[in-house]
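**Student:** Have a peek at target_29.cif (mmCIF, C-alpha atoms and all ligand atoms).
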data_data
#
loop_
_atom_site.label_atom_id
_atom_site.label_comp_id
_atom_site.auth_asym_id
_atom_site.auth_seq_id
_atom_site.Cartn_x
_atom_site.Cartn_y
_atom_site.Cartn_z
CA MET A 1024 74.49 116.06 20.03
CA ALA A 1025 72.73 114.40 22.94
CA ARG A 1026 69.60 116.19 24.13
CA VAL A 1027 68.55 116.58 27.74
CA THR A 1028 65.41 114.57 28.43
CA MET A 1029 62.74 115.17 31.04
CA VAL A 1030 63.28 111.90 32.88
CA PRO A 1031 66.84 112.49 34.14
CA TYR A 1032 65.89 116.10 34.89
CA LEU A 1033 63.00 115.00 37.11
CA LEU A 1034 64.99 112.26 38.72
CA ASP A 1035 67.77 114.73 39.53
CA THR A 1036 65.50 117.41 40.95
CA ILE A 1037 62.35 115.84 42.39
CA VAL A 1038 63.79 112.63 43.82
CA PRO A 1039 66.46 114.24 46.06
CA TYR A 1040 63.81 116.67 47.30
CA PHE A 1041 61.21 114.07 48.25
CA GLY A 1042 63.58 111.21 48.87
CA GLU A 1043 63.87 107.81 47.22
CA ASP A 1044 60.41 106.90 48.57
CA ILE A 1045 58.72 108.67 45.70
CA LEU A 1046 60.22 106.21 43.24
CA ARG A 1047 59.27 103.25 45.40
CA ILE A 1048 55.72 104.56 45.59
CA CYS A 1049 55.54 104.91 41.80
CA PHE A 1050 56.78 101.38 41.26
CA LEU A 1051 54.39 99.97 43.88
CA ARG A 1052 51.53 101.68 42.08
CA GLU A 1053 52.76 100.27 38.76
CA ALA A 1054 52.77 96.81 40.30
CA GLY A 1055 49.18 97.35 41.48
CA VAL A 1056 50.15 97.14 45.17
CA LEU A 1057 49.34 100.76 45.97
CA MET A 1058 46.27 102.73 44.93
CA ASP A 1059 46.35 106.48 44.23
CA GLU A 1060 44.42 107.26 47.46
CA GLY A 1061 47.25 105.76 49.48
CA VAL A 1062 49.67 108.51 48.46
CA ASP A 1063 50.36 111.33 50.90
CA SER A 1064 48.80 114.57 49.58
CA GLN A 1065 52.07 116.47 50.07
CA ILE A 1066 53.81 114.45 47.42
CA GLN A 1067 50.81 114.03 45.08
CA PRO A 1068 51.97 116.41 42.29
CA ALA A 1069 55.47 115.00 42.04
CA TYR A 1070 54.12 111.50 42.40
CA LEU A 1071 51.67 111.97 39.54
CA ILE A 1072 54.34 113.29 37.17
CA LEU A 1073 56.81 110.58 38.06
CA SER A 1074 54.34 107.74 38.00
CA ARG A 1075 53.25 108.81 34.51
CA LEU A 1076 56.88 108.83 33.39
CA VAL A 1077 57.54 105.48 34.99
CA ALA A 1078 54.44 104.06 33.30
CA ARG A 1079 55.50 105.47 29.92
CA ARG A 1080 58.98 104.06 30.28
CA HIS A 1081 57.51 100.76 31.38
CA VAL A 1082 55.35 100.64 28.24
CA ALA A 1083 58.27 101.73 26.03
CA PHE A 1084 60.40 98.95 27.49
CA ARG A 1085 57.84 96.35 26.41
CA LEU A 1086 57.63 97.56 22.79
CA LEU A 1087 59.34 95.56 20.10
CA LEU A 1088 62.67 97.20 19.28
CA VAL A 1089 63.59 97.03 15.58
CA ILE A 1090 67.27 97.75 14.97
CA SER A 1091 68.66 98.35 11.51
CA GLY A 1092 71.76 99.83 9.96
CA PRO A 1093 74.29 99.02 7.27
CA SER A 1094 76.40 95.93 7.58
CA GLY A 1095 79.49 96.74 9.64
CA THR A 1096 77.98 99.70 11.46
CA GLY A 1097 78.29 97.96 14.84
CA LYS A 1098 74.87 96.43 15.53
CA SER A 1099 76.20 93.05 16.72
CA THR A 1100 78.84 94.71 18.87
CA LEU A 1101 76.25 96.90 20.62
CA LEU A 1102 73.83 94.00 21.02
CA SER A 1103 76.50 91.72 22.54
CA ARG A 1104 77.33 94.38 25.12
CA LEU A 1105 73.65 94.85 25.93
CA PHE A 1106 72.99 91.12 26.37
CA LEU A 1107 76.09 90.80 28.55
CA ALA A 1108 75.05 93.72 30.77
CA HIS A 1109 71.39 92.63 31.01
CA PRO A 1110 71.24 88.86 30.58
CA ASP A 1111 67.58 88.55 31.63
CA LYS A 1112 66.02 91.58 30.02
CA PHE A 1113 66.20 91.05 26.26
CA GLY A 1114 65.57 88.32 23.73
CA PHE A 1115 65.73 87.58 20.03
CA SER A 1116 62.84 85.80 18.38
CA VAL A 1117 63.57 82.45 16.75
CA SER A 1118 63.39 82.80 12.96
CA HIS A 1119 61.89 80.35 10.49
CA THR A 1120 64.01 79.08 7.61
CA THR A 1121 63.78 76.61 4.74
CA ARG A 1122 67.54 75.91 4.77
CA THR A 1123 68.70 72.58 6.15
CA PRO A 1124 69.99 72.58 9.74
CA ARG A 1125 73.77 72.70 10.21
CA GLN A 1126 75.46 70.34 12.64
CA GLY A 1127 74.48 71.18 16.22
CA GLU A 1128 71.56 73.42 15.24
CA VAL A 1129 68.40 72.66 17.17
CA ASP A 1130 64.89 73.12 15.76
CA GLY A 1131 63.02 75.73 17.81
CA LYS A 1132 66.24 77.07 19.33
CA HIS A 1133 68.45 78.27 16.49
CA TYR A 1134 65.68 78.31 13.88
CA TYR A 1135 62.33 76.72 13.13
CA PHE A 1136 63.32 74.54 10.20
CA VAL A 1137 60.37 74.18 7.84
CA SER A 1138 59.73 73.05 4.26
CA ARG A 1139 59.21 75.51 1.40
CA ASP A 1140 55.52 74.56 1.28
CA THR A 1141 55.04 75.27 4.98
CA PHE A 1142 56.91 78.56 4.66
CA GLN A 1143 54.81 79.65 1.69
CA ASN A 1144 51.60 78.75 3.54
CA LEU A 1145 52.76 80.82 6.50
CA ILE A 1146 53.36 83.77 4.14
CA GLN A 1147 49.83 83.35 2.73
CA ASP A 1148 48.41 83.28 6.27
CA GLY A 1149 50.17 86.59 7.09
CA ALA A 1150 52.16 84.87 9.83
CA PHE A 1151 55.41 86.77 9.17
CA ILE A 1152 56.25 90.30 10.12
CA GLU A 1153 59.12 90.13 7.65
CA HIS A 1154 60.67 87.52 5.40
CA ALA A 1155 63.32 87.41 2.71
CA GLN A 1156 65.08 85.02 0.40
CA PHE A 1157 68.87 84.52 0.51
CA SER A 1158 70.76 81.95 -1.56
CA ASN A 1159 67.49 80.28 -2.55
CA ASN A 1160 66.33 79.82 1.04
CA TYR A 1161 63.56 81.65 2.85
CA TYR A 1162 64.11 83.31 6.23
CA GLY A 1163 61.40 85.02 8.26
CA THR A 1164 60.21 86.28 11.64
CA SER A 1165 56.72 85.28 12.69
CA ILE A 1166 54.41 87.42 14.79
CA GLN A 1167 53.99 84.48 17.15
CA THR A 1168 57.71 84.15 17.93
CA VAL A 1169 57.89 87.87 18.74
CA LYS A 1170 54.93 87.44 21.08
CA ASP A 1171 56.63 84.42 22.66
CA VAL A 1172 59.60 86.59 23.67
CA ALA A 1173 57.28 89.23 25.16
CA ALA A 1174 55.37 86.50 27.03
CA SER A 1175 58.65 85.36 28.60
CA GLY A 1176 58.96 88.85 30.15
CA ARG A 1177 61.82 89.99 27.90
CA ARG A 1178 61.95 92.84 25.46
CA CYS A 1179 62.12 91.46 21.93
CA ILE A 1180 64.80 92.93 19.67
CA LEU A 1181 64.88 92.42 15.90
CA ASP A 1182 68.00 93.10 13.85
CA ASN A 1183 66.93 93.83 10.27
CA ASP A 1184 67.94 95.41 7.00
CA SER A 1185 65.87 98.20 5.42
CA GLN A 1186 63.86 95.68 3.39
CA GLY A 1187 62.80 94.03 6.67
CA VAL A 1188 61.99 97.40 8.23
CA ARG A 1189 59.74 98.25 5.27
CA GLN A 1190 57.86 94.97 5.71
CA ILE A 1191 57.50 95.31 9.48
CA LYS A 1192 55.97 98.73 8.96
CA THR A 1193 53.20 97.23 6.83
CA THR A 1194 52.50 94.24 9.12
CA LYS A 1195 49.04 94.01 10.59
CA GLY A 1196 48.50 92.61 14.08
CA LEU A 1197 51.71 93.99 15.53
CA GLU A 1198 50.18 96.66 17.75
CA PRO A 1199 51.43 98.54 19.65
CA ASN A 1200 53.87 99.96 17.11
CA PRO A 1201 57.49 98.95 17.54
CA ILE A 1202 60.30 101.43 18.20
CA TYR A 1203 62.54 101.78 15.12
CA LEU A 1204 66.21 102.45 15.84
CA PHE A 1205 68.80 103.08 13.15
CA ILE A 1206 72.51 102.64 13.88
CA SER A 1207 74.41 104.88 11.50
CA PRO A 1208 78.13 104.85 10.75
CA PRO A 1209 79.79 108.28 11.21
CA ASN A 1210 80.89 108.23 7.57
CA MET A 1211 81.55 105.85 4.69
CA LYS A 1212 85.31 105.82 5.34
CA SER A 1213 84.86 104.39 8.86
CA LEU A 1214 82.33 101.89 7.55
CA ARG A 1215 84.79 100.71 4.89
CA GLU A 1216 87.49 100.30 7.57
CA ARG A 1217 85.15 98.35 9.86
CA LEU A 1218 84.11 96.03 7.06
CA LYS A 1219 87.78 95.47 6.21
CA GLY A 1220 88.48 94.93 9.92
CA GLN A 1221 85.95 92.10 10.05
CA GLY A 1222 88.51 90.27 7.91
CA SER A 1223 86.02 87.92 6.29
CA GLU A 1224 85.05 90.02 3.26
CA SER A 1225 86.64 90.25 -0.19
CA GLU A 1226 87.18 93.65 -1.88
CA SER A 1227 84.18 93.13 -4.19
CA SER A 1228 81.93 92.04 -1.30
CA ILE A 1229 82.99 95.16 0.65
CA ARG A 1230 82.11 97.30 -2.40
CA THR A 1231 78.67 95.65 -2.66
CA ARG A 1232 78.05 96.20 1.07
CA LEU A 1233 79.07 99.85 0.81
CA ASN A 1234 76.69 100.40 -2.13
CA THR A 1235 73.90 98.79 -0.12
CA ALA A 1236 74.89 100.93 2.89
CA VAL A 1237 74.36 104.14 0.90
CA LYS A 1238 70.82 102.97 0.04
CA GLU A 1239 70.13 101.99 3.68
CA ILE A 1240 71.32 105.38 4.93
CA ASP A 1241 69.23 107.16 2.27
CA TYR A 1242 66.16 105.24 3.38
CA SER A 1243 66.90 106.00 7.03
CA ARG A 1244 66.63 109.71 6.20
CA THR A 1245 63.05 109.40 4.98
CA PRO A 1246 61.06 111.38 7.54
CA GLY A 1247 59.13 109.18 9.95
CA VAL A 1248 60.95 105.94 9.14
CA HIS A 1249 62.98 105.76 12.34
CA ASP A 1250 62.11 106.95 15.81
CA ILE A 1251 65.72 107.19 16.90
CA ILE A 1252 69.08 107.35 15.16
CA ILE A 1253 72.34 106.66 16.96
CA VAL A 1254 75.58 107.51 15.19
CA ASN A 1255 78.17 104.93 16.17
CA ASP A 1256 81.23 107.16 16.00
CA ASN A 1257 82.61 106.23 19.40
CA LEU A 1258 81.59 102.80 20.65
CA ASP A 1259 81.35 103.70 24.36
CA ARG A 1260 79.29 106.81 23.67
CA ALA A 1261 77.04 104.94 21.22
CA TYR A 1262 76.54 102.13 23.74
CA VAL A 1263 75.36 104.52 26.47
CA ALA A 1264 72.72 105.90 24.08
CA PHE A 1265 71.82 102.43 22.83
CA GLU A 1266 71.38 101.01 26.34
CA ARG A 1267 69.16 103.93 27.27
CA VAL A 1268 66.90 103.30 24.29
CA ALA A 1269 66.87 99.54 24.86
CA LEU A 1270 65.84 100.03 28.49
CA GLY A 1271 62.83 102.04 27.37
CA ASP A 1272 63.81 105.66 26.98
CA SER A 1273 62.66 106.47 23.45
CA SER A 1274 63.42 110.18 23.50
CA PRO A 1275 65.67 111.38 20.65
CA VAL A 1276 69.33 110.58 21.13
CA ASP A 1277 71.17 111.97 18.16
CA ASP A 1278 70.91 114.49 15.41
CA LEU A 1279 71.97 112.80 12.21
CA PRO A 1280 75.02 114.56 10.80
CA PRO A 1281 75.19 115.12 7.05
CA LEU A 1282 76.30 111.97 5.25
CA ASP A 1283 79.99 112.09 4.47
CA ASN A 1284 80.42 109.93 1.37
CA ASN A 1285 84.21 109.84 1.61
N1 LIG B 1 82.40 102.78 17.21
C1 LIG B 1 83.21 101.91 16.63
N2 LIG B 1 84.46 102.28 16.30
C2 LIG B 1 85.30 101.44 15.69
N3 LIG B 1 85.00 100.16 15.35
C3 LIG B 1 83.76 99.71 15.66
C4 LIG B 1 82.81 100.56 16.31
N4 LIG B 1 81.65 99.83 16.47
C5 LIG B 1 81.89 98.60 15.96
N5 LIG B 1 83.16 98.54 15.47
C6 LIG B 1 83.80 97.41 14.79
O1 LIG B 1 83.20 97.35 13.49
C7 LIG B 1 83.15 96.00 13.04
C8 LIG B 1 81.73 95.71 12.59
O2 LIG B 1 80.87 95.66 13.74
P1 LIG B 1 79.64 94.63 13.83
O3 LIG B 1 80.04 93.27 13.40
O4 LIG B 1 79.08 94.81 15.19
O5 LIG B 1 78.67 95.27 12.72
P2 LIG B 1 77.21 94.81 12.27
O6 LIG B 1 76.46 96.05 12.03
O7 LIG B 1 76.63 93.85 13.24
O8 LIG B 1 77.50 94.08 10.89
P3 LIG B 1 76.67 92.88 10.17
O9 LIG B 1 75.29 93.42 9.91
O10 LIG B 1 77.45 92.65 8.91
O11 LIG B 1 76.68 91.70 11.09
C9 LIG B 1 83.61 95.13 14.20
O12 LIG B 1 84.97 94.76 13.95
C10 LIG B 1 83.52 96.05 15.42
O13 LIG B 1 84.47 95.73 16.41
#
Here is the file; what I need is its structure written in the form of structure tokens.
Ligand SMILES: Nc1ncnc2c1ncn2[C@@H]1O[C@H](COP(=O)(O)OP(=O)(O)OP(=O)(O)O)[C@@H](O)[C@H]1O

**Tutor:**
Amino acid sequence: MARVTMVPYLLDTIVPYFGEDILRICFLREAGVLMDEGVDSQIQPAYLILSRLVARRHVAFRLLLVISGPSGTGKSTLLSRLFLAHPDKFGFSVSHTTRTPRQGEVDGKHYYFVSRDTFQNLIQDGAFIEHAQFSNNYYGTSIQTVKDVAASGRRCILDNDSQGVRQIKTTKGLEPNPIYLFISPPNMKSLRERLKGQGSESESSIRTRLNTAVKEIDYSRTPGVHDIIIVNDNLDRAYVAFERVALGDSSPVDDLPPLDNN
């Protein structure tokens, strides 16, 4: 069930009363153009509340957003919609890998292609916020590449499994803390159907993914692991919640329903 947050409430009540100017004033202050003394005393109280909210949202927007959820739960679908709707606002960091480049892949764009030795040295230096090995190759996200996205003025989004989330949570030098968002399937039956719908998976691979999904969902229920959980039961509804979070509103979106294992 979606909860009412303070921000829309204030925007709906205070803004019509004082007019759109109050928002403009808050943003001008945020941009450093307007000092507090320049604000008319009549609108001071509302201005103070709103400017604090604007500032908080502004900060929340800049925080690294770590998305996780079982394979097939709809992460890529939600991300594609978000990138299409806001082409200049978000970015993925470029990962490092030890696998050889495929045709057309560009170093520094698709991946940073490095040797095993270089990768292992980077691990020793604590350069990665998370890394993993798949099919004998290393893959990882460096702190620097995440900072590069932030420096370009975009919000950095990471799409990870629970192993990655665990590592990110223990990374030093990543302050301020990221926002952790879990995308949950409504139940295992829908997840199975979505994995089948992808068309690229064999029966045994689907079974393996579903077993992993149960573990991911179990982990997601550990108190304090995720800041926000969105249940992707209906794509349009889930996207509205997802976009809100991505744009910087980190108030709770969903109550997690009991896991239906059927
Ligand atoms: N709410 C929804 N209802 C029905 N189908 C959905 C919904 N959300 C996504 N799907 C479908 O589920 C399938 C899996 O979605 P998607 O590829 O986005 O998952 P994913 O979490 O990114 O998986 P992976 O981690 O394996 O890449 C897709 O066919 C997508 O169209």

**Student:** Using all atoms listed in the file, which of the listed residues (A:Thr1164, A:Ser1228, A:Gln1143, A:Ser1213) sits closest to A:Ile1180?

**Tutor:** A:Thr1164

**Student:** Near A:Ser1103, within 12 Å and counting all atoms listed in the file, which residues show up once chain neighbours fewer than 5 positions away are dropped, as a PyMOL selection string?

**Tutor:** chain A and resi 1097-1098+1108-1110+1113-1115+1262+1265-1266

**Student:** Applying 6 Å and only C-alpha atoms, which residues near stretch 1153-1160 of chain A remain after dropping the ones on its own chain fewer than 5 positions away? List them as a list in words.

**Tutor:**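 What passes the distance filter is Thr1121, Arg1122, Gly1187, Gln1190 and Ile1191 of chain A.
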
**Student:** Could you please determine the separation between atom P3 of ligand LIG 1 (chain B) and atom CA of A:Lys1192 in Å, to one decimal place?

**Tutor:**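 That distance, rounded to one decimal, is 21.5 Å.
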
**Student:** If I take atom CA of A:Leu1101 and atom CA of A:Ala1269, how far is one from the other in Å, to one decimal?

**Tutor:**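 Atom CA of A:Ala1269 lies at a distance of 10.6 Å from atom CA of A:Leu1101.
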
**Student:** Residues within 9 Å of ligand LIG 1 (chain B), counting all atoms listed in the file: report them as an MDAnalysis selection string.

**Tutor:** chainID A and resid 1091:1103 1182:1184 1206 1208:1209 1213:1214 1216:1222 1232 1254:1262

**Student:** Considering only C-alpha atoms, can you say which of A:Asp1241, A:Asp1148, A:Glu1226, A:Asp1130 comes closest to A:Ser1165?

**Tutor:**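 Closest residue, counting only C-alpha atoms: A:Asp1148.
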
**Student:** So that I can check the surroundings of stretch 1136-1140 of chain A, please list as a list in words every protein, DNA and RNA residue that reaches within 12 Å of it, counting only C-alpha atoms and ignoring chain neighbours fewer than 3 positions away.

**Tutor:** Val1117, Ser1118, His1119, Thr1120, Thr1121, Arg1122, Thr1123, Pro1124, Arg1125, Glu1128, Val1129, Asp1130, Gly1131, Lys1132, His1133, Gln1143, Asn1144, Leu1145, Ile1146, Gln1147, Gln1156, Asn1159, Asn1160, Tyr1161, Tyr1162 and Gly1163 of chain A

**Student:** Around (68.8, 101.8, 16.5), as given in the file, which residues come within 7 Å? Count all atoms listed in the file and list them as a VMD selection string.

**Tutor:** chain A and resid 1090 to 1091 1203 to 1206 1251 to 1253

**Student:** One decimal, Å: what's the distance from atom CA of A:Asp1171 over to atom CA of A:Ala1264, could you say?

**Tutor:**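 Computing it gives 26.9 Å between the two atoms.
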
**Student:** Which of these, A:Ile1152, A:Val1263, A:Val1188, A:Leu1233, has the shortest distance to A:Ile1202 once you count all atoms listed in the file?

**Tutor:**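 Ranked by minimum distance to A:Ile1202, first place goes to A:Val1188.
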
**Student:** Kindly write stretch 1094-1134 of chain A with C-alpha atoms to a file, as a PDB file, in the first residue's frame.

**Tutor:**
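selection.pdb, written as the output of this step:
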ATOM      1  CA  SER A1094      16.538 -12.159 -11.950  1.00  0.00           C
ATOM      2  CA  GLY A1095      13.341 -11.594 -13.927  1.00  0.00           C
ATOM      3  CA  THR A1096      11.720  -9.292 -11.393  1.00  0.00           C
ATOM      4  CA  GLY A1097      11.705  -6.370 -13.846  1.00  0.00           C
ATOM      5  CA  LYS A1098      14.789  -4.299 -12.989  1.00  0.00           C
ATOM      6  CA  SER A1099      15.923  -3.795 -16.603  1.00  0.00           C
ATOM      7  CA  THR A1100      12.392  -2.959 -17.716  1.00  0.00           C
ATOM      8  CA  LEU A1101      12.025  -0.277 -15.028  1.00  0.00           C
ATOM      9  CA  LEU A1102      15.504   1.104 -15.706  1.00  0.00           C
ATOM     10  CA  SER A1103      14.897   1.344 -19.468  1.00  0.00           C
ATOM     11  CA  ARG A1104      11.723   3.342 -18.857  1.00  0.00           C
ATOM     12  CA  LEU A1105      13.552   5.634 -16.441  1.00  0.00           C
ATOM     13  CA  PHE A1106      16.445   6.300 -18.830  1.00  0.00           C
ATOM     14  CA  LEU A1107      13.993   6.960 -21.662  1.00  0.00           C
ATOM     15  CA  ALA A1108      11.963   9.423 -19.566  1.00  0.00           C
ATOM     16  CA  HIS A1109      15.038  11.186 -18.111  1.00  0.00           C
ATOM     17  CA  PRO A1110      17.888  10.845 -20.600  1.00  0.00           C
ATOM     18  CA  ASP A1111      20.171  13.341 -18.822  1.00  0.00           C
ATOM     19  CA  LYS A1112      19.563  12.556 -15.184  1.00  0.00           C
ATOM     20  CA  PHE A1113      20.950   9.076 -14.565  1.00  0.00           C
ATOM     21  CA  GLY A1114      24.024   7.038 -15.377  1.00  0.00           C
ATOM     22  CA  PHE A1115      25.548   3.613 -14.905  1.00  0.00           C
ATOM     23  CA  SER A1116      29.167   3.339 -13.872  1.00  0.00           C
ATOM     24  CA  VAL A1117      31.516   1.540 -16.263  1.00  0.00           C
ATOM     25  CA  SER A1118      32.534  -1.818 -14.761  1.00  0.00           C
ATOM     26  CA  HIS A1119      35.962  -3.432 -14.847  1.00  0.00           C
ATOM     27  CA  THR A1120      36.334  -6.942 -16.242  1.00  0.00           C
ATOM     28  CA  THR A1121      39.066  -9.452 -17.017  1.00  0.00           C
ATOM     29  CA  ARG A1122      37.104 -11.017 -19.896  1.00  0.00           C
ATOM     30  CA  THR A1123      38.244 -10.268 -23.429  1.00  0.00           C
ATOM     31  CA  PRO A1124      36.324  -7.564 -25.305  1.00  0.00           C
ATOM     32  CA  ARG A1125      33.638  -8.731 -27.738  1.00  0.00           C
ATOM     33  CA  GLN A1126      33.452  -7.254 -31.215  1.00  0.00           C
ATOM     34  CA  GLY A1127      32.425  -3.593 -31.057  1.00  0.00           C
ATOM     35  CA  GLU A1128      33.062  -3.235 -27.326  1.00  0.00           C
ATOM     36  CA  VAL A1129      35.066  -0.160 -26.448  1.00  0.00           C
ATOM     37  CA  ASP A1130      37.455   0.056 -23.482  1.00  0.00           C
ATOM     38  CA  GLY A1131      36.237   2.708 -21.039  1.00  0.00           C
ATOM     39  CA  LYS A1132      32.750   2.733 -22.563  1.00  0.00           C
ATOM     40  CA  HIS A1133      31.333  -0.774 -22.251  1.00  0.00           C
ATOM     41  CA  TYR A1134      33.897  -1.971 -19.703  1.00  0.00           C
TER      42      TYR A1134
END
